[in-house]
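Engineer: Please see the structure below; I have some questions.
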Amino acid sequence: MRKKIVAGNWKMNLDLNEGAELVNEIFKGLPELSESRMVLIAPPYLHLTQTAAQLTAMDNVYLGAQNCHHEASGAYTGEVAASMLKSAEVAYVIIGHSERREYFKEDNAMLAKKVNQALSNDMQVIFCCGEPLEIRDAGTQNSYVEKQIKEGIFHLGESQLKNVVIAYEPIWAIGTGRTATSAQAQDMHAHIRSVIAAKYEQDAANKMSILYGGSCKPSNAAELFECADVDGGLIGGAALKAADFLGIIEAMVNA
Ligand code: PEP
């Protein structure tokens, strides 16, 4: 059975004190997570060692990073290598977030290298994909997302694919308050699973967790997570408030 996951991406928010406080609040309200459920917290790099220490008290709650560099090491001022993340007890790396693609010009070829860096350092990948509004309006979102997936992860063998989670995040829904309907999310998730099944075995597709991201909140999480192919969410804004994040976790636990 594939895992249901709620992953919180803090982006460039919260100082160290605020981050510690938020994790404390989450800890206080965290429901019991069975082996088929997991929570991920992806704070800014600077928080990682602090958050790692806090997470040792929590079962099935993992540490994530929001990015890694595409080379192993070297003269890349200001960057962070996957091996450094591993040494900070990071378990998952978010790769290909639309903000990285848009503001930092990360293309699929670079993202494929980042995927390799994370996997070769024994971390798991949350690979993000999703279309802008004009693509959705043109009705070509399926082929757009398919291309991102093919170019980002199809170089992997099936044994490596086991360490990849996909997050579908329509750009028009990120931070806009405009959520995809559960039917739109389900359609795309089913499409992504069929794309994986066509390249790998059906079994590999069935086992892959596919998360939805885009203005997910406690009031819409249950409906989204009930969809057959939606295995949880990648959460931005609502991950910054303990009550909201816990509400979304509750929906995932009950899905
Ligand atoms: C995100 O940026 O991954 C995201 C889903 O943000 P939000 O939940 O704020 O829309």
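Here's how to read the names in the structure tokens: chain A, B, ... by the order shown, residue numbers from 1 in each chain, ligand numbers from 1 in the order shown.
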List every residue of region 13-236 of chain A that DSSP, applied to the backbone of this structure, assigns to strand (DSSP E or B), and report them as an mmCIF file with all heavy atoms, in the first residue's frame.

Structural biologist:
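After the write, states14.cif holds the following:
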```cif
data_model
loop_
_atom_site.group_PDB
_atom_site.id
_atom_site.type_symbol
_atom_site.label_atom_id
_atom_site.label_comp_id
_atom_site.auth_asym_id
_atom_site.auth_seq_id
_atom_site.Cartn_x
_atom_site.Cartn_y
_atom_site.Cartn_z
ATOM 1 N N ARG A 37 1.101 6.317 7.193
ATOM 2 C CA ARG A 37 0.924 7.776 7.182
ATOM 3 C C ARG A 37 2.245 8.438 7.541
ATOM 4 O O ARG A 37 2.956 7.967 8.421
ATOM 5 C CB ARG A 37 -0.121 8.214 8.221
ATOM 6 C CG ARG A 37 -1.498 7.563 8.050
ATOM 7 C CD ARG A 37 -2.251 8.224 6.914
ATOM 8 N NE ARG A 37 -3.627 7.797 6.778
ATOM 9 C CZ ARG A 37 -4.052 6.713 6.144
ATOM 10 N NH1 ARG A 37 -3.188 5.874 5.602
ATOM 11 N NH2 ARG A 37 -5.348 6.455 6.043
ATOM 12 N N MET A 38 2.565 9.536 6.898
ATOM 13 C CA MET A 38 3.741 10.279 7.338
ATOM 14 C C MET A 38 3.600 11.780 7.133
ATOM 15 O O MET A 38 2.821 12.234 6.290
ATOM 16 C CB MET A 38 5.031 9.772 6.691
ATOM 17 C CG MET A 38 5.124 9.965 5.208
ATOM 18 S SD MET A 38 6.817 9.792 4.600
ATOM 19 C CE MET A 38 7.340 11.494 4.574
ATOM 20 N N VAL A 39 4.333 12.512 7.945
ATOM 21 C CA VAL A 39 4.372 13.971 7.880
ATOM 22 C C VAL A 39 5.806 14.374 7.584
ATOM 23 O O VAL A 39 6.753 13.730 8.043
ATOM 24 C CB VAL A 39 3.896 14.586 9.223
ATOM 25 C CG1 VAL A 39 4.160 16.077 9.285
ATOM 26 C CG2 VAL A 39 2.412 14.297 9.439
ATOM 27 N N LEU A 40 5.941 15.411 6.787
ATOM 28 C CA LEU A 40 7.267 15.928 6.450
ATOM 29 C C LEU A 40 7.272 17.425 6.744
ATOM 30 O O LEU A 40 6.302 18.123 6.449
ATOM 31 C CB LEU A 40 7.519 15.690 4.962
ATOM 32 C CG LEU A 40 8.861 16.138 4.433
ATOM 33 C CD1 LEU A 40 9.910 15.084 4.738
ATOM 34 C CD2 LEU A 40 8.795 16.352 2.931
ATOM 35 N N ILE A 41 8.364 17.891 7.306
ATOM 36 C CA ILE A 41 8.520 19.332 7.534
ATOM 37 C C ILE A 41 9.765 19.781 6.788
ATOM 38 O O ILE A 41 10.859 19.243 7.013
ATOM 39 C CB ILE A 41 8.619 19.640 9.041
ATOM 40 C CG1 ILE A 41 7.299 19.265 9.720
ATOM 41 C CG2 ILE A 41 8.946 21.120 9.274
ATOM 42 C CD1 ILE A 41 7.251 19.496 11.212
ATOM 43 N N ALA A 42 9.581 20.746 5.884
ATOM 44 C CA ALA A 42 10.702 21.242 5.073
ATOM 45 C C ALA A 42 10.928 22.725 5.376
ATOM 46 O O ALA A 42 10.354 23.608 4.735
ATOM 47 C CB ALA A 42 10.425 21.028 3.592
ATOM 48 N N VAL A 61 7.469 11.370 11.477
ATOM 49 C CA VAL A 61 7.600 12.761 11.030
ATOM 50 C C VAL A 61 9.037 12.940 10.547
ATOM 51 O O VAL A 61 9.981 12.658 11.288
ATOM 52 C CB VAL A 61 7.288 13.781 12.146
ATOM 53 C CG1 VAL A 61 7.348 15.206 11.589
ATOM 54 C CG2 VAL A 61 5.912 13.517 12.751
ATOM 55 N N TYR A 62 9.191 13.355 9.311
ATOM 56 C CA TYR A 62 10.519 13.388 8.686
ATOM 57 C C TYR A 62 10.918 14.817 8.339
ATOM 58 O O TYR A 62 10.084 15.708 8.192
ATOM 59 C CB TYR A 62 10.514 12.532 7.410
ATOM 60 C CG TYR A 62 10.312 11.069 7.709
ATOM 61 C CD1 TYR A 62 9.025 10.530 7.793
ATOM 62 C CD2 TYR A 62 11.393 10.237 7.951
ATOM 63 C CE1 TYR A 62 8.835 9.199 8.095
ATOM 64 C CE2 TYR A 62 11.210 8.891 8.258
ATOM 65 C CZ TYR A 62 9.928 8.383 8.328
ATOM 66 O OH TYR A 62 9.747 7.072 8.637
ATOM 67 N N LEU A 63 12.228 14.967 8.141
ATOM 68 C CA LEU A 63 12.798 16.273 7.808
ATOM 69 C C LEU A 63 13.008 16.367 6.292
ATOM 70 O O LEU A 63 13.531 15.442 5.666
ATOM 71 C CB LEU A 63 14.135 16.428 8.534
ATOM 72 C CG LEU A 63 14.847 17.769 8.393
ATOM 73 C CD1 LEU A 63 14.009 18.904 8.999
ATOM 74 C CD2 LEU A 63 16.219 17.710 9.077
ATOM 75 N N GLY A 64 12.601 17.505 5.743
ATOM 76 C CA GLY A 64 12.795 17.718 4.310
ATOM 77 C C GLY A 64 13.584 18.986 4.050
ATOM 78 O O GLY A 64 13.608 19.903 4.883
ATOM 79 N N ALA A 65 14.236 19.044 2.902
ATOM 80 C CA ALA A 65 14.873 20.280 2.428
ATOM 81 C C ALA A 65 14.081 20.762 1.221
ATOM 82 O O ALA A 65 13.424 19.962 0.540
ATOM 83 C CB ALA A 65 16.329 20.018 2.059
ATOM 84 N N TYR A 92 14.133 13.804 2.913
ATOM 85 C CA TYR A 92 13.457 14.089 1.635
ATOM 86 C C TYR A 92 13.927 15.441 1.103
ATOM 87 O O TYR A 92 14.107 16.381 1.879
ATOM 88 C CB TYR A 92 11.945 14.184 1.832
ATOM 89 C CG TYR A 92 11.259 12.848 2.031
ATOM 90 C CD1 TYR A 92 11.316 12.214 3.267
ATOM 91 C CD2 TYR A 92 10.563 12.240 0.987
ATOM 92 C CE1 TYR A 92 10.692 10.978 3.456
ATOM 93 C CE2 TYR A 92 9.939 11.019 1.178
ATOM 94 C CZ TYR A 92 9.999 10.393 2.407
ATOM 95 O OH TYR A 92 9.395 9.188 2.590
ATOM 96 N N VAL A 93 14.075 15.526 -0.206
ATOM 97 C CA VAL A 93 14.397 16.813 -0.825
ATOM 98 C C VAL A 93 13.295 17.156 -1.830
ATOM 99 O O VAL A 93 12.964 16.336 -2.707
ATOM 100 C CB VAL A 93 15.757 16.783 -1.556
ATOM 101 C CG1 VAL A 93 16.119 18.188 -2.037
ATOM 102 C CG2 VAL A 93 16.855 16.235 -0.654
ATOM 103 N N ILE A 94 12.729 18.342 -1.673
ATOM 104 C CA ILE A 94 11.742 18.836 -2.641
ATOM 105 C C ILE A 94 12.524 19.347 -3.851
ATOM 106 O O ILE A 94 13.419 20.183 -3.707
ATOM 107 C CB ILE A 94 10.891 19.972 -2.032
ATOM 108 C CG1 ILE A 94 10.101 19.465 -0.824
ATOM 109 C CG2 ILE A 94 9.959 20.574 -3.087
ATOM 110 C CD1 ILE A 94 9.414 20.574 -0.011
ATOM 111 N N ILE A 95 12.207 18.848 -5.020
ATOM 112 C CA ILE A 95 12.936 19.252 -6.235
ATOM 113 C C ILE A 95 11.921 19.680 -7.299
ATOM 114 O O ILE A 95 10.914 19.011 -7.522
ATOM 115 C CB ILE A 95 13.834 18.095 -6.730
ATOM 116 C CG1 ILE A 95 14.961 17.877 -5.698
ATOM 117 C CG2 ILE A 95 14.424 18.392 -8.123
ATOM 118 C CD1 ILE A 95 15.879 16.726 -5.991
ATOM 119 N N GLN A 124 15.218 10.716 -0.228
ATOM 120 C CA GLN A 124 14.091 10.534 -1.135
ATOM 121 C C GLN A 124 13.754 11.885 -1.765
ATOM 122 O O GLN A 124 14.137 12.932 -1.231
ATOM 123 C CB GLN A 124 12.885 9.999 -0.380
ATOM 124 C CG GLN A 124 13.265 8.796 0.461
ATOM 125 C CD GLN A 124 12.247 7.692 0.454
ATOM 126 O OE1 GLN A 124 11.342 7.658 -0.368
ATOM 127 N NE2 GLN A 124 12.396 6.787 1.378
ATOM 128 N N VAL A 125 13.040 11.824 -2.864
ATOM 129 C CA VAL A 125 12.751 13.036 -3.639
ATOM 130 C C VAL A 125 11.247 13.283 -3.663
ATOM 131 O O VAL A 125 10.460 12.347 -3.847
ATOM 132 C CB VAL A 125 13.262 12.857 -5.089
ATOM 133 C CG1 VAL A 125 12.700 13.922 -6.019
ATOM 134 C CG2 VAL A 125 14.790 12.880 -5.117
ATOM 135 N N ILE A 126 10.870 14.541 -3.488
ATOM 136 C CA ILE A 126 9.500 14.954 -3.820
ATOM 137 C C ILE A 126 9.634 15.794 -5.080
ATOM 138 O O ILE A 126 10.145 16.918 -5.036
ATOM 139 C CB ILE A 126 8.854 15.756 -2.685
ATOM 140 C CG1 ILE A 126 8.761 14.863 -1.444
ATOM 141 C CG2 ILE A 126 7.465 16.259 -3.107
ATOM 142 C CD1 ILE A 126 8.002 15.456 -0.281
ATOM 143 N N PHE A 127 9.250 15.220 -6.194
ATOM 144 C CA PHE A 127 9.438 15.894 -7.483
ATOM 145 C C PHE A 127 8.154 16.644 -7.848
ATOM 146 O O PHE A 127 7.081 16.049 -7.993
ATOM 147 C CB PHE A 127 9.776 14.872 -8.573
ATOM 148 C CG PHE A 127 10.091 15.519 -9.893
ATOM 149 C CD1 PHE A 127 11.332 16.086 -10.134
ATOM 150 C CD2 PHE A 127 9.122 15.594 -10.886
ATOM 151 C CE1 PHE A 127 11.612 16.715 -11.337
ATOM 152 C CE2 PHE A 127 9.396 16.211 -12.107
ATOM 153 C CZ PHE A 127 10.644 16.778 -12.324
ATOM 154 N N CYS A 128 8.289 17.971 -7.989
ATOM 155 C CA CYS A 128 7.112 18.805 -8.238
ATOM 156 C C CYS A 128 6.890 19.028 -9.733
ATOM 157 O O CYS A 128 7.843 19.214 -10.498
ATOM 158 C CB CYS A 128 7.280 20.171 -7.594
ATOM 159 S SG CYS A 128 7.540 20.109 -5.824
ATOM 160 N N CYS A 129 5.634 19.041 -10.098
ATOM 161 C CA CYS A 129 5.264 19.351 -11.474
ATOM 162 C C CYS A 129 3.952 20.132 -11.423
ATOM 163 O O CYS A 129 3.306 20.194 -10.374
ATOM 164 C CB CYS A 129 5.096 18.064 -12.288
ATOM 165 S SG CYS A 129 3.923 16.903 -11.567
ATOM 166 N N VAL A 164 10.932 8.051 -5.010
ATOM 167 C CA VAL A 164 10.409 9.305 -5.555
ATOM 168 C C VAL A 164 8.904 9.414 -5.253
ATOM 169 O O VAL A 164 8.148 8.462 -5.459
ATOM 170 C CB VAL A 164 10.634 9.387 -7.079
ATOM 171 C CG1 VAL A 164 10.015 10.667 -7.648
ATOM 172 C CG2 VAL A 164 12.129 9.333 -7.406
ATOM 173 N N VAL A 165 8.530 10.591 -4.763
ATOM 174 C CA VAL A 165 7.124 10.962 -4.586
ATOM 175 C C VAL A 165 6.886 12.088 -5.582
ATOM 176 O O VAL A 165 7.771 12.932 -5.772
ATOM 177 C CB VAL A 165 6.911 11.486 -3.141
ATOM 178 C CG1 VAL A 165 5.558 12.136 -2.974
ATOM 179 C CG2 VAL A 165 7.118 10.363 -2.127
ATOM 180 N N ILE A 166 5.735 12.115 -6.223
ATOM 181 C CA ILE A 166 5.433 13.238 -7.124
ATOM 182 C C ILE A 166 4.448 14.180 -6.424
ATOM 183 O O ILE A 166 3.521 13.725 -5.739
ATOM 184 C CB ILE A 166 4.868 12.737 -8.464
ATOM 185 C CG1 ILE A 166 5.995 12.049 -9.258
ATOM 186 C CG2 ILE A 166 4.263 13.892 -9.288
ATOM 187 C CD1 ILE A 166 5.590 11.517 -10.614
ATOM 188 N N ALA A 167 4.685 15.481 -6.572
ATOM 189 C CA ALA A 167 3.718 16.472 -6.082
ATOM 190 C C ALA A 167 3.184 17.233 -7.290
ATOM 191 O O ALA A 167 3.955 17.892 -7.996
ATOM 192 C CB ALA A 167 4.374 17.430 -5.095
ATOM 193 N N TYR A 168 1.892 17.107 -7.533
ATOM 194 C CA TYR A 168 1.254 17.880 -8.612
ATOM 195 C C TYR A 168 0.763 19.194 -8.015
ATOM 196 O O TYR A 168 -0.085 19.200 -7.117
ATOM 197 C CB TYR A 168 0.079 17.108 -9.226
ATOM 198 C CG TYR A 168 -0.770 17.999 -10.102
ATOM 199 C CD1 TYR A 168 -0.207 18.644 -11.210
ATOM 200 C CD2 TYR A 168 -2.110 18.238 -9.812
ATOM 201 C CE1 TYR A 168 -0.971 19.502 -11.999
ATOM 202 C CE2 TYR A 168 -2.874 19.087 -10.595
ATOM 203 C CZ TYR A 168 -2.297 19.716 -11.690
ATOM 204 O OH TYR A 168 -3.040 20.569 -12.472
ATOM 205 N N ILE A 210 1.361 10.219 -4.780
ATOM 206 C CA ILE A 210 1.242 11.438 -5.596
ATOM 207 C C ILE A 210 0.468 12.465 -4.762
ATOM 208 O O ILE A 210 -0.692 12.235 -4.396
ATOM 209 C CB ILE A 210 0.531 11.163 -6.939
ATOM 210 C CG1 ILE A 210 1.240 10.026 -7.701
ATOM 211 C CG2 ILE A 210 0.499 12.442 -7.794
ATOM 212 C CD1 ILE A 210 0.577 9.636 -9.022
ATOM 213 N N LEU A 211 1.142 13.568 -4.447
ATOM 214 C CA LEU A 211 0.564 14.587 -3.568
ATOM 215 C C LEU A 211 -0.020 15.728 -4.382
ATOM 216 O O LEU A 211 0.476 16.047 -5.467
ATOM 217 C CB LEU A 211 1.641 15.145 -2.633
ATOM 218 C CG LEU A 211 2.542 14.136 -1.922
ATOM 219 C CD1 LEU A 211 3.483 14.857 -0.955
ATOM 220 C CD2 LEU A 211 1.719 13.092 -1.190
ATOM 221 N N TYR A 212 -1.030 16.355 -3.821
ATOM 222 C CA TYR A 212 -1.590 17.567 -4.437
ATOM 223 C C TYR A 212 -1.074 18.793 -3.677
ATOM 224 O O TYR A 212 -0.999 18.770 -2.444
ATOM 225 C CB TYR A 212 -3.127 17.550 -4.399
ATOM 226 C CG TYR A 212 -3.675 18.916 -4.746
ATOM 227 C CD1 TYR A 212 -3.745 19.337 -6.064
ATOM 228 C CD2 TYR A 212 -4.027 19.821 -3.732
ATOM 229 C CE1 TYR A 212 -4.170 20.619 -6.381
ATOM 230 C CE2 TYR A 212 -4.452 21.104 -4.046
ATOM 231 C CZ TYR A 212 -4.515 21.497 -5.368
ATOM 232 O OH TYR A 212 -4.909 22.776 -5.678
ATOM 233 N N GLY A 213 -0.752 19.863 -4.375
ATOM 234 C CA GLY A 213 -0.370 21.116 -3.733
ATOM 235 C C GLY A 213 -1.018 22.304 -4.417
ATOM 236 O O GLY A 213 -1.090 22.359 -5.654
ATOM 237 N N GLY A 232 -2.279 12.644 -0.463
ATOM 238 C CA GLY A 232 -1.872 13.624 0.530
ATOM 239 C C GLY A 232 -1.546 14.941 -0.132
ATOM 240 O O GLY A 232 -1.921 15.177 -1.290
ATOM 241 N N GLY A 233 -0.833 15.811 0.595
ATOM 242 C CA GLY A 233 -0.613 17.150 0.056
ATOM 243 C C GLY A 233 0.750 17.733 0.370
ATOM 244 O O GLY A 233 1.387 17.378 1.367
ATOM 245 N N LEU A 234 1.185 18.608 -0.530
ATOM 246 C CA LEU A 234 2.343 19.473 -0.274
ATOM 247 C C LEU A 234 1.755 20.842 0.061
ATOM 248 O O LEU A 234 1.031 21.433 -0.757
ATOM 249 C CB LEU A 234 3.257 19.529 -1.505
ATOM 250 C CG LEU A 234 4.498 20.430 -1.408
ATOM 251 C CD1 LEU A 234 5.357 20.105 -0.193
ATOM 252 C CD2 LEU A 234 5.351 20.287 -2.673
ATOM 253 N N ILE A 235 2.059 21.310 1.252
ATOM 254 C CA ILE A 235 1.348 22.456 1.815
ATOM 255 C C ILE A 235 2.294 23.638 1.975
ATOM 256 O O ILE A 235 3.372 23.490 2.582
ATOM 257 C CB ILE A 235 0.776 22.097 3.218
ATOM 258 C CG1 ILE A 235 0.143 20.690 3.233
ATOM 259 C CG2 ILE A 235 -0.183 23.160 3.706
ATOM 260 C CD1 ILE A 235 -1.012 20.484 2.292
#
```

Engineer: Residues within 10 Å of ligand 1 should be enumerated using only C-alpha atoms and all ligand atoms and returned as a PyMOL selection string.

Structural biologist: chain A and resi 7-11+66+94+97-99+128+167-179+211-217+233-240

Engineer: Kindly export the residues of the current selection with C-alpha atoms, as an mmCIF file, in the first residue's frame.

Structural biologist:
```cif
data_model
loop_
_atom_site.group_PDB
_atom_site.id
_atom_site.type_symbol
_atom_site.label_atom_id
_atom_site.label_comp_id
_atom_site.auth_asym_id
_atom_site.auth_seq_id
_atom_site.Cartn_x
_atom_site.Cartn_y
_atom_site.Cartn_z
ATOM 1 C CA ALA A 7 4.467 17.730 3.655
ATOM 2 C CA GLY A 8 4.882 21.292 4.880
ATOM 3 C CA ASN A 9 7.064 23.640 2.822
ATOM 4 C CA TRP A 10 7.899 26.712 4.891
ATOM 5 C CA LYS A 11 9.580 28.458 1.929
ATOM 6 C CA GLN A 66 13.373 22.638 -0.140
ATOM 7 C CA ILE A 94 11.742 18.836 -2.641
ATOM 8 C CA HIS A 97 9.039 23.482 -7.053
ATOM 9 C CA SER A 98 7.442 25.970 -9.457
ATOM 10 C CA GLU A 99 9.078 28.861 -7.579
ATOM 11 C CA CYS A 128 7.112 18.805 -8.238
ATOM 12 C CA ALA A 167 3.718 16.472 -6.082
ATOM 13 C CA TYR A 168 1.254 17.880 -8.612
ATOM 14 C CA GLU A 169 0.954 21.599 -8.007
ATOM 15 C CA PRO A 170 -0.986 23.630 -10.562
ATOM 16 C CA ILE A 171 0.770 27.003 -10.489
ATOM 17 C CA TRP A 172 -2.517 28.883 -10.669
ATOM 18 C CA ALA A 173 -3.489 27.323 -7.329
ATOM 19 C CA ILE A 174 -0.267 28.017 -5.391
ATOM 20 C CA GLY A 175 -0.719 30.722 -2.781
ATOM 21 C CA THR A 176 -3.700 32.115 -4.670
ATOM 22 C CA GLY A 177 -6.526 30.727 -2.551
ATOM 23 C CA ARG A 178 -7.840 29.124 -5.748
ATOM 24 C CA THR A 179 -7.735 25.366 -5.175
ATOM 25 C CA LEU A 211 0.564 14.587 -3.568
ATOM 26 C CA TYR A 212 -1.590 17.567 -4.437
ATOM 27 C CA GLY A 213 -0.370 21.116 -3.733
ATOM 28 C CA GLY A 214 -2.089 24.473 -4.174
ATOM 29 C CA SER A 215 -4.076 26.356 -1.512
ATOM 30 C CA CYS A 216 -4.761 23.178 0.425
ATOM 31 C CA LYS A 217 -6.275 23.973 3.829
ATOM 32 C CA GLY A 233 -0.613 17.150 0.056
ATOM 33 C CA LEU A 234 2.343 19.473 -0.274
ATOM 34 C CA ILE A 235 1.348 22.456 1.815
ATOM 35 C CA GLY A 236 2.707 26.011 1.658
ATOM 36 C CA GLY A 237 0.893 28.801 3.504
ATOM 37 C CA ALA A 238 -1.151 26.511 5.759
ATOM 38 C CA ALA A 239 2.046 24.786 6.959
ATOM 39 C CA LEU A 240 3.042 27.984 8.783
#
```

Engineer: Using only C-alpha atoms, what does the table of region 124-167 of chain A residues within 9 Å of region 106-111 of chain A look like, with each row giving the shortest atom pair and its distance in Å to one decimal, sorted by chain and ascending number, as CSV?

Structural biologist:
```
residue,atom,partner,partner_atom,distance
A:Phe127,CA,A:Leu111,CA,8.8
A:Lys147,CA,A:Asn108,CA,8.9
A:Gln148,CA,A:Asn108,CA,6.4
A:Ile149,CA,A:Asn108,CA,8.5
A:Lys150,CA,A:Asn108,CA,8.9
A:Glu151,CA,A:Asn108,CA,5.6
A:Gly152,CA,A:Asn108,CA,5.2
A:Ile153,CA,A:Leu111,CA,8.6
```

Engineer: Go ahead and write the selection's residues with N, CA and C atoms as a PDB file, in the first residue's frame.

Structural biologist:
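As a result, again_10.pdb now contains:
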```pdb
ATOM      1  N   PHE A 127       9.250  15.220  -6.194  1.00  0.00           N
ATOM      2  CA  PHE A 127       9.438  15.894  -7.483  1.00  0.00           C
ATOM      3  C   PHE A 127       8.154  16.644  -7.848  1.00  0.00           C
ATOM      4  N   LYS A 147       5.561  15.959 -19.813  1.00  0.00           N
ATOM      5  CA  LYS A 147       6.922  16.328 -20.257  1.00  0.00           C
ATOM      6  C   LYS A 147       7.816  16.608 -19.032  1.00  0.00           C
ATOM      7  N   GLN A 148       7.279  17.318 -18.047  1.00  0.00           N
ATOM      8  CA  GLN A 148       8.083  17.602 -16.850  1.00  0.00           C
ATOM      9  C   GLN A 148       8.520  16.297 -16.179  1.00  0.00           C
ATOM     10  N   ILE A 149       7.598  15.343 -16.112  1.00  0.00           N
ATOM     11  CA  ILE A 149       7.911  14.077 -15.440  1.00  0.00           C
ATOM     12  C   ILE A 149       8.914  13.265 -16.266  1.00  0.00           C
ATOM     13  N   LYS A 150       8.685  13.199 -17.567  1.00  0.00           N
ATOM     14  CA  LYS A 150       9.593  12.429 -18.424  1.00  0.00           C
ATOM     15  C   LYS A 150      11.012  12.969 -18.330  1.00  0.00           C
ATOM     16  N   GLU A 151      11.138  14.284 -18.432  1.00  0.00           N
ATOM     17  CA  GLU A 151      12.485  14.872 -18.457  1.00  0.00           C
ATOM     18  C   GLU A 151      13.122  14.942 -17.068  1.00  0.00           C
ATOM     19  N   GLY A 152      12.300  14.928 -16.050  1.00  0.00           N
ATOM     20  CA  GLY A 152      12.841  15.049 -14.687  1.00  0.00           C
ATOM     21  C   GLY A 152      13.205  13.728 -14.044  1.00  0.00           C
ATOM     22  N   ILE A 153      12.417  12.662 -14.313  1.00  0.00           N
ATOM     23  CA  ILE A 153      12.681  11.403 -13.567  1.00  0.00           C
ATOM     24  C   ILE A 153      12.724  10.134 -14.415  1.00  0.00           C
TER      25      ILE A 153
END
```

Engineer: Find the residues near Gly139 (chain A): any atom within 12 Å, counting only C-alpha atoms, skip ones fewer than 6 places away on the same chain, and give them as a PyMOL selection string.

Structural biologist: chain A and resi 131-133+145+184+188

Engineer: Please, could you write that set of residues out with N, CA and C atoms as a PDB file, in the first residue's frame?

Structural biologist:
```
ATOM      1  N   GLU A 131       1.183  22.884 -14.086  1.00  0.00           N
ATOM      2  CA  GLU A 131       1.089  23.790 -15.230  1.00  0.00           C
ATOM      3  C   GLU A 131       0.697  25.207 -14.834  1.00  0.00           C
ATOM      4  N   PRO A 132       1.119  26.221 -15.618  1.00  0.00           N
ATOM      5  CA  PRO A 132       0.632  27.583 -15.405  1.00  0.00           C
ATOM      6  C   PRO A 132      -0.801  27.727 -15.930  1.00  0.00           C
ATOM      7  N   LEU A 133      -1.420  28.847 -15.588  1.00  0.00           N
ATOM      8  CA  LEU A 133      -2.822  29.058 -15.931  1.00  0.00           C
ATOM      9  C   LEU A 133      -3.091  29.008 -17.443  1.00  0.00           C
ATOM     10  N   VAL A 145       2.508  18.454 -18.107  1.00  0.00           N
ATOM     11  CA  VAL A 145       2.990  17.789 -16.883  1.00  0.00           C
ATOM     12  C   VAL A 145       3.749  16.501 -17.245  1.00  0.00           C
ATOM     13  N   GLN A 184     -10.549  17.946 -10.746  1.00  0.00           N
ATOM     14  CA  GLN A 184      -9.350  18.342 -11.512  1.00  0.00           C
ATOM     15  C   GLN A 184      -8.106  17.646 -10.947  1.00  0.00           C
ATOM     16  N   MET A 188      -5.796  14.698 -12.971  1.00  0.00           N
ATOM     17  CA  MET A 188      -4.361  14.826 -13.227  1.00  0.00           C
ATOM     18  C   MET A 188      -3.569  13.736 -12.511  1.00  0.00           C
TER      19      MET A 188
END
```

Engineer: Any idea what the distance is between CA of Ala255 (chain A) and CA of Asp59 (chain A)?

Structural biologist: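 Between CA of Ala255 (chain A) and CA of Asp59 (chain A) the gap is 19.0 Å.
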
Engineer: Going by DSSP on the backbone, which bits of region 10-182 of chain A are alpha helix (DSSP H)? Write them as a count of residues only, please.

Structural biologist: 71

Engineer: Could you list, as number ranges by chain, every residue within 7 Å of region 85-88 of chain A, counting only C-alpha atoms and ignoring same-chain residues fewer than 4 positions away?

Structural biologist: A: 48-49, 81, 121, 123

Engineer: Contacts between region 246-254 of chain A and region 146-224 of chain A, please, where a residue of region 146-224 of chain A counts if it comes within 6 Å (with only C-alpha atoms); show its shortest atom pair and distance in Å to one decimal, rows by chain and ascending number, as CSV.

Structural biologist:
```
residue,atom,partner,partner_atom,distance
A:Pro218,CA,A:Ile248,CA,4.8
A:Ala221,CA,A:Ile248,CA,5.8
A:Ala222,CA,A:Ala251,CA,4.9
```

Engineer: Let me make sure I understand: among A:Gly78, A:Asp229, A:Ala20, A:Ser209, which one has the smallest atom-to-atom distance to Val6 (chain A) if we use only C-alpha atoms?

Structural biologist: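 The closest residue to Val6 (chain A) is A:Ser209.
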
Engineer: Kindly give the distance, in Å, that separates CA of Glu79 (chain A) and CA of Lys162 (chain A), rounded to a single decimal.

Structural biologist: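 According to the coordinates, CA of Glu79 (chain A) and CA of Lys162 (chain A) are separated by 27.2 Å.
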
Engineer: Would you work out the distance separating CA of Asp244 (chain A) from CA of Phe27 (chain A), expressed in Å to one decimal?

Structural biologist: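 Interatomic distance here is 13.4 Å.
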
Engineer: Pick out the residues sitting within 10 Å of Leu14 (chain A), and hand them over as a count of residues only; count only C-alpha atoms, and ignore anything fewer than 6 positions along from it in its own chain.

Structural biologist: 7

Engineer: Counting only C-alpha atoms, which residue out of A:Ala185, A:Ala138, A:Met1, A:Leu30 sits closest to Glu226 (chain A)?

Structural biologist: A:Ala185

Engineer: When you count only C-alpha atoms, which of these residues is closest to His70 (chain A): A:Asn116, A:Gln50, A:Gln186, A:Thr56?

Structural biologist: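 Looking only at the distances to His70 (chain A), the closest residue turns out to be A:Asn116.
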
Engineer: Nearest residue to Gly96 (chain A) out of A:Leu224, A:Ala180, A:Cys68, A:Val230, using only C-alpha atoms?

Structural biologist: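 Closest candidate: A:Cys68.
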